[in-house]
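A short write-up of the structure that comes next.
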Amino acid sequence: MEERKCSDGEYLVKRRVLDELRLDEVAQKGTWSTKPTVGERMKESLRCSVPRLKQAALSWIPVLGWLPRYSFRDNAIGDLVSGCSVGIMHLPQGMAYALLASLRPVYGLYTSLYPVLVYFIFGTSRHISIGTFAVISIMVGSVTERLAPDSSFIVNGTNETGSVDLDARDESRVQIACSLTVLAGIFQILLGVVRFGFVVTYLSEPLVRGYTTGSACHVCVSQLKYLFGVTPARFTGPLSLIYTLVDLCRLLPQTKVPELVVSLVALSVLIVVKEVNACYRQKLPLPIPIEIVVIIAATVITHFGRLTSKYNIDVVGEIPSGLKAPRAPDTTLFSEVIGDAFAIAIVGYAINISLGKTFALKHGYKVDSNQELVALGLSNTIGGFFQCYSVTSSLSRSLVQESTGGKTQVAGVISSIIVLVTVLKIGSLFSDLPKAVLSTIVFVNLKGMFKQFTDVPLLWKTNKVDLMVWLVTFSSTILLNLDLGLAVSIGFSMLTVIFRTQLPRYSILGHVSGTDLYLDTKTYKEAKEIPGIKIFRSSATIYYTNAEMYLEALQEKSGIEIGKLLTAKKKQDAKLKRQQKKEKSKNKAKKQKAHVTHMMQSKAESQLSTMTERKVSVGQKGDVDVSSRTETSANELGKGRENWAYQHDAAASDSDSDAGCHVDESVAPASPRAASATHSVVLDVSTTSFVDTVAVKTLKNIFRDFGEIDLDVYLAGCQACVVEQLEKAGFFSESLPKSRLFVSVHDAVLHILAAPRRTDFVLDMTCSTQM
């Protein structure tokens with residue numbers, strides 16, 4: 001190949017037309033394999049050495065890699081400030097989100113302590129804040145309320161008149177939440193160990209955002225009872241959110257005005273100050289910790305104002321000081337929560353890795369998706385033994401940790417110290433904290449999720465398929481609850497992928513004059529079809545789900561109805577055979593007639609000879625010229641008769657020349673291809689990344705059927721992996737050699753035009769490419 005420099009923006013290449021065989025020769029395709037065998041990989045995995053052991057330790061325990069190199073000068077101040085800010089946020093959010101999980105607030109504080117320390121050791125992200133999160137909390141709460149409803153703990157009466165044994169109920173719910181958390185952690189660890197971190201890629205961004213928005217609606221509805229001070233009935237299963245809203249509306253006349261006033265005041269203060277934080281975040285060194293301020297103020301006012309006794313305001317209650325000993329989960333509950341545990345494991349990991357990769361991309365480091373699975377799984381599993389429920393990263397806390405100067409997970413350790421001090425010494429002081437205040441903190445922190453409704457108009461403009469995924473996910477989450485909603489949304493998302501591959505865009509390509517480009521003729525005006533050549537392309541890989549549609553689209557787009565043409569060819573062949581048989585019968589009849597005529601003529605000549613001899617013997621009776629008479633008699637005999645002997649020779653000559661199959665060319669059937677000017681078809685398979693047995697069979701049938709009607713078929717743009725798969729599938733043969741495969745569409749077209757009797761069209765290639 002020769003390449004020469006031309007003017008700016010142009011290039012000139014001179015090379016031979018390359019089919020697959022020539023490409024192997026020119027590019028020197030190797031037959032070696034760079035992949036190690038299974039035995040070699042097993043041997044390598046079992047090999048033990050000090051460097052390998054060190055590498056494994058650093059891979060599974062990342063803190064050993066970065067903590068010894070921790071720079072106090074560069075990171076200490078930022079991590080300290082960030083850790084204090086996040087720790088202050090952990091306190092109100094931990095207690096508030098524990099209510100979403102239908103647990104006492106102290107368990108939210110435990111969840112903000114142990115898992116953070118575990119992630120510090122095993123995590124790979126430097127900026128995310130592990131702990132309680134609204135979506136995961138409401139998923140846990142749906143399980144705890146389903147398996148331990150209030151009706152199961154009624155004492156001293158019936159459901160209508162009896163009271164609920166709160167201690168027994170809460171103890172049962174803690175046990176359920178811990179078992180659920182441990183099982184979810186086990187799922188995450190197993191997926192991480194088998195390097196299954198890519199599973200989260202099946203949760204697209206529209207799906208995750210639609211699901212979290214729908215979950216935010218569940219969170220919002222679940223907290224309305226604290227704002228209004230009412231106790232609605234509990235509903236489970238599909239449409240439970242709708243039933244709960246209806247029941248809340250029915251109970252609105254029973255609203256406790258004092259609790260509603262507390263909620264509105266706290267909500268107003270939180271919204272105003274958070275907006276101030278957002279507007280002046282560039283000028284404020286630290287965001288105003290309004291959540292902890294509101295909690296302290298509400299607790300002080302409620303305690304000293306004796307609001308609990310005067311207005312019967314519902315408060316958090318006793319918060320025990322100190323830490324509880326670890327306890328094994330109840331494994332008998334695993335069978336009842338296995339589906340919920342897997343859903344929590346996937347959703348928690350999806351939220352965690354999306355946030356982790358966002359911050360990693362922003363700050364220029366790498367997050368290991370498989371190690372993140374292991375780290376999150378260990379955080380849940382170990383936390384489950386210490387009365388924690390499922391955790392993931394929180395967007396609001398992570399943004400604060402990153403914006404306040406946090407550089408490493410040391411900030412997480414500092415925030416855990418603050419939570420630990422609170423649990424040990426300060427927690428009991430918050431016993432008079434109104435639950436309505438905690439619910440307002442949850443409401444305010446849902447702002448970011450509700451802002452995701454703006455995705456709808458954006459997706460309407462950019463991608464309507466993604467919009468459908470978002471809407472279906474949101475609707476199914478609202479109507480079918482969190483577990484079924486997630487299953488339905490994943491199924492629908494997978495269906496959209498299948499439909500996109502089943503219904504790709506098929507196009508006929510045309511040549512752009514002066515280039516080696518072949519573009520869709522419907523999209524580009526300058527792309528003109530080459531007379532006699534149809535160039536067909538699919539926008540998706542050819543495999544079993546769309547192979548039949550590929551063949552149908554090829555016939556429709558090219559105008560070549562292979563079925564009709566094959567039927568016409570069969571009819572023509574049958575007609576030709578009938579004509580040959582008829583001509584053969586005629587020739588046989590002619591031969592027989594000529595033979596009879598020859599015999600009769602021989603008999604007539606013998607009789608004439610006898611008569612002539614008799615006349616000579618009686619020649620005395622008159623002077624007669626025998627020769628003249630003989631000639632005259634012969635002439636008279638030939639008058640009005642045909643020379644059958646000559647005709648027999650001619651017929652025999654014709655029969656011999658036609659091998660007994662003489663056919664009148666005026667009635668011979670034309671080739672089916674004569675009806676159309678197309679003589680060649682080029683299949684552009686550059687978009688195909690793999691082929692299965694169905695695709696191979698479909699391509700073979702195309703070559704066979706089109707060949708039967710005298711149409712030449714070529715493949716262009718085959719990737720090396722596709723060629724290898726075709727070879728293994730036995731695609732190539734003597735009738736279908738590798739010379740039918742070309743490097744590009746342009747190579748295939750030039751090969752076709754260079755063939756004999758294909759000089760009726762010349763490509764204009766003088767501008768940029770010379771072949």
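Following the order of the structure tokens, first chain is A, next is B, and so on, with residues numbered from 1 inside each chain and ligands from 1 in the order they appear.
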Members of range 487-576 of chain A assigned strand (DSSP E) by DSSP, as a ChimeraX atom specification: /A:506-512,518-520,527-528,533-538
Store the residues of this selection in a file with N, CA and C atoms, as a PDB file, in the first residue's frame.
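part.pdb, written as the output of this step:
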```
ATOM      1  N   TYR A 506     -32.660  -0.879   9.073  1.00  0.00           N
ATOM      2  CA  TYR A 506     -32.108  -1.471   7.864  1.00  0.00           C
ATOM      3  C   TYR A 506     -32.041  -0.401   6.778  1.00  0.00           C
ATOM      4  N   SER A 507     -30.997  -0.433   5.989  1.00  0.00           N
ATOM      5  CA  SER A 507     -30.834   0.615   4.986  1.00  0.00           C
ATOM      6  C   SER A 507     -30.094   0.091   3.764  1.00  0.00           C
ATOM      7  N   ILE A 508     -30.393   0.724   2.648  1.00  0.00           N
ATOM      8  CA  ILE A 508     -29.664   0.506   1.401  1.00  0.00           C
ATOM      9  C   ILE A 508     -28.641   1.629   1.268  1.00  0.00           C
ATOM     10  N   LEU A 509     -27.397   1.270   1.049  1.00  0.00           N
ATOM     11  CA  LEU A 509     -26.327   2.258   0.995  1.00  0.00           C
ATOM     12  C   LEU A 509     -26.055   2.684  -0.443  1.00  0.00           C
ATOM     13  N   GLY A 510     -25.673   3.942  -0.572  1.00  0.00           N
ATOM     14  CA  GLY A 510     -25.287   4.485  -1.864  1.00  0.00           C
ATOM     15  C   GLY A 510     -23.905   5.110  -1.795  1.00  0.00           C
ATOM     16  N   HIS A 511     -23.289   5.251  -2.930  1.00  0.00           N
ATOM     17  CA  HIS A 511     -21.923   5.780  -2.999  1.00  0.00           C
ATOM     18  C   HIS A 511     -21.940   7.304  -3.086  1.00  0.00           C
ATOM     19  N   VAL A 512     -21.113   7.938  -2.262  1.00  0.00           N
ATOM     20  CA  VAL A 512     -20.942   9.387  -2.324  1.00  0.00           C
ATOM     21  C   VAL A 512     -19.828   9.670  -3.326  1.00  0.00           C
ATOM     22  N   TYR A 518     -19.988   4.992   1.744  1.00  0.00           N
ATOM     23  CA  TYR A 518     -21.263   4.397   1.345  1.00  0.00           C
ATOM     24  C   TYR A 518     -22.244   4.658   2.482  1.00  0.00           C
ATOM     25  N   LEU A 519     -23.248   5.497   2.204  1.00  0.00           N
ATOM     26  CA  LEU A 519     -24.159   5.982   3.237  1.00  0.00           C
ATOM     27  C   LEU A 519     -25.597   5.655   2.876  1.00  0.00           C
ATOM     28  N   ASP A 520     -26.465   5.803   3.872  1.00  0.00           N
ATOM     29  CA  ASP A 520     -27.883   5.520   3.697  1.00  0.00           C
ATOM     30  C   ASP A 520     -28.467   6.473   2.659  1.00  0.00           C
ATOM     31  N   ALA A 527     -25.793  10.361  -1.655  1.00  0.00           N
ATOM     32  CA  ALA A 527     -25.505   8.928  -1.707  1.00  0.00           C
ATOM     33  C   ALA A 527     -26.383   8.301  -2.780  1.00  0.00           C
ATOM     34  N   LYS A 528     -25.753   7.863  -3.859  1.00  0.00           N
ATOM     35  CA  LYS A 528     -26.469   7.313  -5.010  1.00  0.00           C
ATOM     36  C   LYS A 528     -26.186   5.823  -5.138  1.00  0.00           C
ATOM     37  N   ILE A 533     -25.976  -3.025  -8.338  1.00  0.00           N
ATOM     38  CA  ILE A 533     -25.425  -3.464  -7.057  1.00  0.00           C
ATOM     39  C   ILE A 533     -26.315  -2.941  -5.929  1.00  0.00           C
ATOM     40  N   LYS A 534     -26.732  -3.840  -5.050  1.00  0.00           N
ATOM     41  CA  LYS A 534     -27.486  -3.478  -3.860  1.00  0.00           C
ATOM     42  C   LYS A 534     -26.587  -3.681  -2.640  1.00  0.00           C
ATOM     43  N   ILE A 535     -26.400  -2.615  -1.858  1.00  0.00           N
ATOM     44  CA  ILE A 535     -25.569  -2.669  -0.661  1.00  0.00           C
ATOM     45  C   ILE A 535     -26.495  -2.526   0.541  1.00  0.00           C
ATOM     46  N   PHE A 536     -26.559  -3.560   1.361  1.00  0.00           N
ATOM     47  CA  PHE A 536     -27.541  -3.645   2.443  1.00  0.00           C
ATOM     48  C   PHE A 536     -26.820  -3.666   3.790  1.00  0.00           C
ATOM     49  N   ARG A 537     -27.343  -2.922   4.768  1.00  0.00           N
ATOM     50  CA  ARG A 537     -26.730  -2.871   6.082  1.00  0.00           C
ATOM     51  C   ARG A 537     -27.796  -2.870   7.173  1.00  0.00           C
ATOM     52  N   SER A 538     -27.493  -3.585   8.272  1.00  0.00           N
ATOM     53  CA  SER A 538     -28.320  -3.571   9.475  1.00  0.00           C
ATOM     54  C   SER A 538     -27.560  -2.839  10.568  1.00  0.00           C
TER      55      SER A 538
END
```
Would you pick out the contacts of Tyr389 in chain A at 9 Å or less, using only C-alpha atoms, so that residues sharing its chain but fewer than 5 positions from it are not included, and give the list as JSON, numbers by chain? {"A": [98, 101, 107, 108, 110, 111, 132, 137, 140, 174, 177, 178, 179, 180, 181, 182, 380, 383, 384]}
Closest to Leu103 in chain A among A:Arg22, A:Lys43, A:Arg15, A:Arg169, using only C-alpha atoms? A:Arg169
For Lys29 in chain A, please output as an MDAnalysis selection string all residues within 12 Å (counting only C-alpha atoms; exclusion window: fewer than 3 positions along the same chain). chainID A and resid 20:26 32:33 720 723:724
As an exercise, work out the distance from CA of Phe342 in chain A to CA of Ala56 in chain A in Å and give it to one decimal place.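 Separation between CA of Phe342 in chain A and CA of Ala56 in chain A: 27.6 Å.
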Distance query Leu117 in chain A at most 12 Å, only C-alpha atoms, self and fewer than 2 positions along chain excluded, as a PDB file with C-alpha atoms, in the first residue's frame:
```pdb
ATOM      1  CA  VAL A  63      -6.539   0.558  53.378  1.00  0.00           C
ATOM      2  CA  TYR A 110     -25.702   2.111  65.238  1.00  0.00           C
ATOM      3  CA  THR A 111     -26.065   1.938  61.438  1.00  0.00           C
ATOM      4  CA  SER A 112     -24.136   5.205  61.145  1.00  0.00           C
ATOM      5  CA  LEU A 113     -21.253   3.763  63.194  1.00  0.00           C
ATOM      6  CA  TYR A 114     -20.176   0.186  62.469  1.00  0.00           C
ATOM      7  CA  PRO A 115     -20.601  -0.006  58.664  1.00  0.00           C
ATOM      8  CA  TYR A 119     -15.983   0.517  54.675  1.00  0.00           C
ATOM      9  CA  PHE A 120     -12.951   2.550  55.796  1.00  0.00           C
ATOM     10  CA  ILE A 121     -10.930  -0.689  55.687  1.00  0.00           C
ATOM     11  CA  PHE A 122     -12.304  -2.354  52.550  1.00  0.00           C
ATOM     12  CA  GLY A 123     -13.714   0.474  50.392  1.00  0.00           C
ATOM     13  CA  SER A 129     -20.411   8.591  52.942  1.00  0.00           C
ATOM     14  CA  ILE A 130     -21.710   5.161  53.940  1.00  0.00           C
ATOM     15  CA  GLY A 131     -24.667   4.938  56.288  1.00  0.00           C
ATOM     16  CA  ALA A 375     -16.772  -3.715  50.904  1.00  0.00           C
ATOM     17  CA  LEU A 376     -20.495  -2.972  50.937  1.00  0.00           C
ATOM     18  CA  LEU A 378     -18.889  -6.746  54.567  1.00  0.00           C
ATOM     19  CA  SER A 379     -20.350  -3.493  55.901  1.00  0.00           C
ATOM     20  CA  ASN A 380     -23.817  -5.035  55.845  1.00  0.00           C
ATOM     21  CA  ILE A 382     -20.688  -7.244  60.019  1.00  0.00           C
ATOM     22  CA  GLY A 383     -23.167  -4.471  60.771  1.00  0.00           C
ATOM     23  CA  GLN A 409     -12.110   7.867  54.201  1.00  0.00           C
ATOM     24  CA  VAL A 410     -10.404   9.207  57.328  1.00  0.00           C
ATOM     25  CA  ALA A 411     -13.310  11.664  57.281  1.00  0.00           C
ATOM     26  CA  GLY A 412     -15.610   8.669  57.734  1.00  0.00           C
ATOM     27  CA  VAL A 413     -13.670   7.559  60.800  1.00  0.00           C
ATOM     28  CA  ILE A 414     -13.997  11.033  62.336  1.00  0.00           C
ATOM     29  CA  SER A 415     -17.744  11.058  61.661  1.00  0.00           C
ATOM     30  CA  SER A 416     -17.987   7.628  63.347  1.00  0.00           C
ATOM     31  CA  ILE A 417     -16.221   9.005  66.414  1.00  0.00           C
ATOM     32  CA  VAL A 419     -21.645   9.173  66.370  1.00  0.00           C
ATOM     33  CA  LEU A 420     -19.922   6.961  68.933  1.00  0.00           C
TER      34      LEU A 420
END
```
Enumerate, in order of chain and increasing residue number, the residues of range 406-499 of chain A with an atom no farther than 9 Å from range 229-252 of chain A, each with its shortest atom pair and distance in Å to one decimal, counting only C-alpha atoms, as a Markdown table.
```
| residue | atom | partner | partner_atom | distance |
| --- | --- | --- | --- | --- |
| A:Ala436 | CA | A:Gly229 | CA | 8.0 |
| A:Ile478 | CA | A:Leu241 | CA | 6.8 |
| A:Leu479 | CA | A:Leu239 | CA | 4.8 |
| A:Leu480 | CA | A:Pro238 | CA | 4.1 |
| A:Asn481 | CA | A:Pro238 | CA | 5.7 |
| A:Leu484 | CA | A:Pro238 | CA | 8.2 |
```
For Asn370 in chain A, find every residue with an atom within 8 Å (counting only C-alpha atoms), except residues of its own chain fewer than 4 positions away, and show them as a list of chain:residue names.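 Skipping anything fewer than 4 positions along the chain leaves A:Leu191, A:Gly192, A:Val193, A:Arg195, A:Phe196, A:Gly197, A:Phe198, A:Val374.
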Would you mind exporting N, CA and C atoms of the selected residues as a short mmCIF file (atom, residue, chain, number, x, y, z; two decimals), in the first residue's frame?
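Writing the result to selection13.cif gives the following:
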```
data_model
loop_
_atom_site.label_atom_id
_atom_site.label_comp_id
_atom_site.auth_asym_id
_atom_site.auth_seq_id
_atom_site.Cartn_x
_atom_site.Cartn_y
_atom_site.Cartn_z
N LEU A 191 -21.26 -11.97 45.07
CA LEU A 191 -21.18 -11.36 43.75
C LEU A 191 -19.82 -10.70 43.52
N GLY A 192 -19.27 -10.09 44.58
CA GLY A 192 -17.96 -9.47 44.44
C GLY A 192 -16.85 -10.48 44.28
N VAL A 193 -16.92 -11.59 45.01
CA VAL A 193 -15.87 -12.62 44.93
C VAL A 193 -15.83 -13.24 43.54
N ARG A 195 -16.47 -11.81 40.89
CA ARG A 195 -16.22 -10.71 39.94
C ARG A 195 -17.47 -10.38 39.13
N PHE A 196 -18.58 -10.24 39.83
CA PHE A 196 -19.86 -10.00 39.16
C PHE A 196 -20.29 -8.55 39.32
N GLY A 197 -19.33 -7.66 39.47
CA GLY A 197 -19.66 -6.27 39.66
C GLY A 197 -20.36 -5.62 38.49
N PHE A 198 -20.19 -6.23 37.30
CA PHE A 198 -20.80 -5.64 36.11
C PHE A 198 -22.32 -5.80 36.10
N VAL A 374 -17.68 -6.17 47.57
CA VAL A 374 -17.19 -6.85 48.76
C VAL A 374 -17.24 -5.92 49.97
#
```
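Each of A:Asp170, A:Glu145, A:Glu727, A:Asp747 was checked against Asp684 in chain A using only C-alpha atoms; the smallest atom-to-atom distance is that of A:Asp747.
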With distances taken over only C-alpha atoms, which residue among A:Leu429, A:Leu270, A:Val691, A:Val423 lies nearest Val300 in chain A?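 Under the stated criterion, the closest residue is A:Leu429.
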One decimal, in Å: what's the spacing between CA of Phe499 in chain A and CA of Lys522 in chain A?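 We find that CA of Phe499 in chain A and CA of Lys522 in chain A lie 22.8 Å from each other.
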Just list as a ChimeraX atom specification whatever in range 243-476 of chain A DSSP marks as helix (DSSP H, G or I). /A:243-254,257-279,290-304,307-311,331-363,369-385,395-403,410-432,435-445,447-462,464-476
d(CA of Ser539 in chain A, CA of Leu12 in chain A) in Å: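 CA of Leu12 in chain A lies at a distance of 28.9 Å from CA of Ser539 in chain A.
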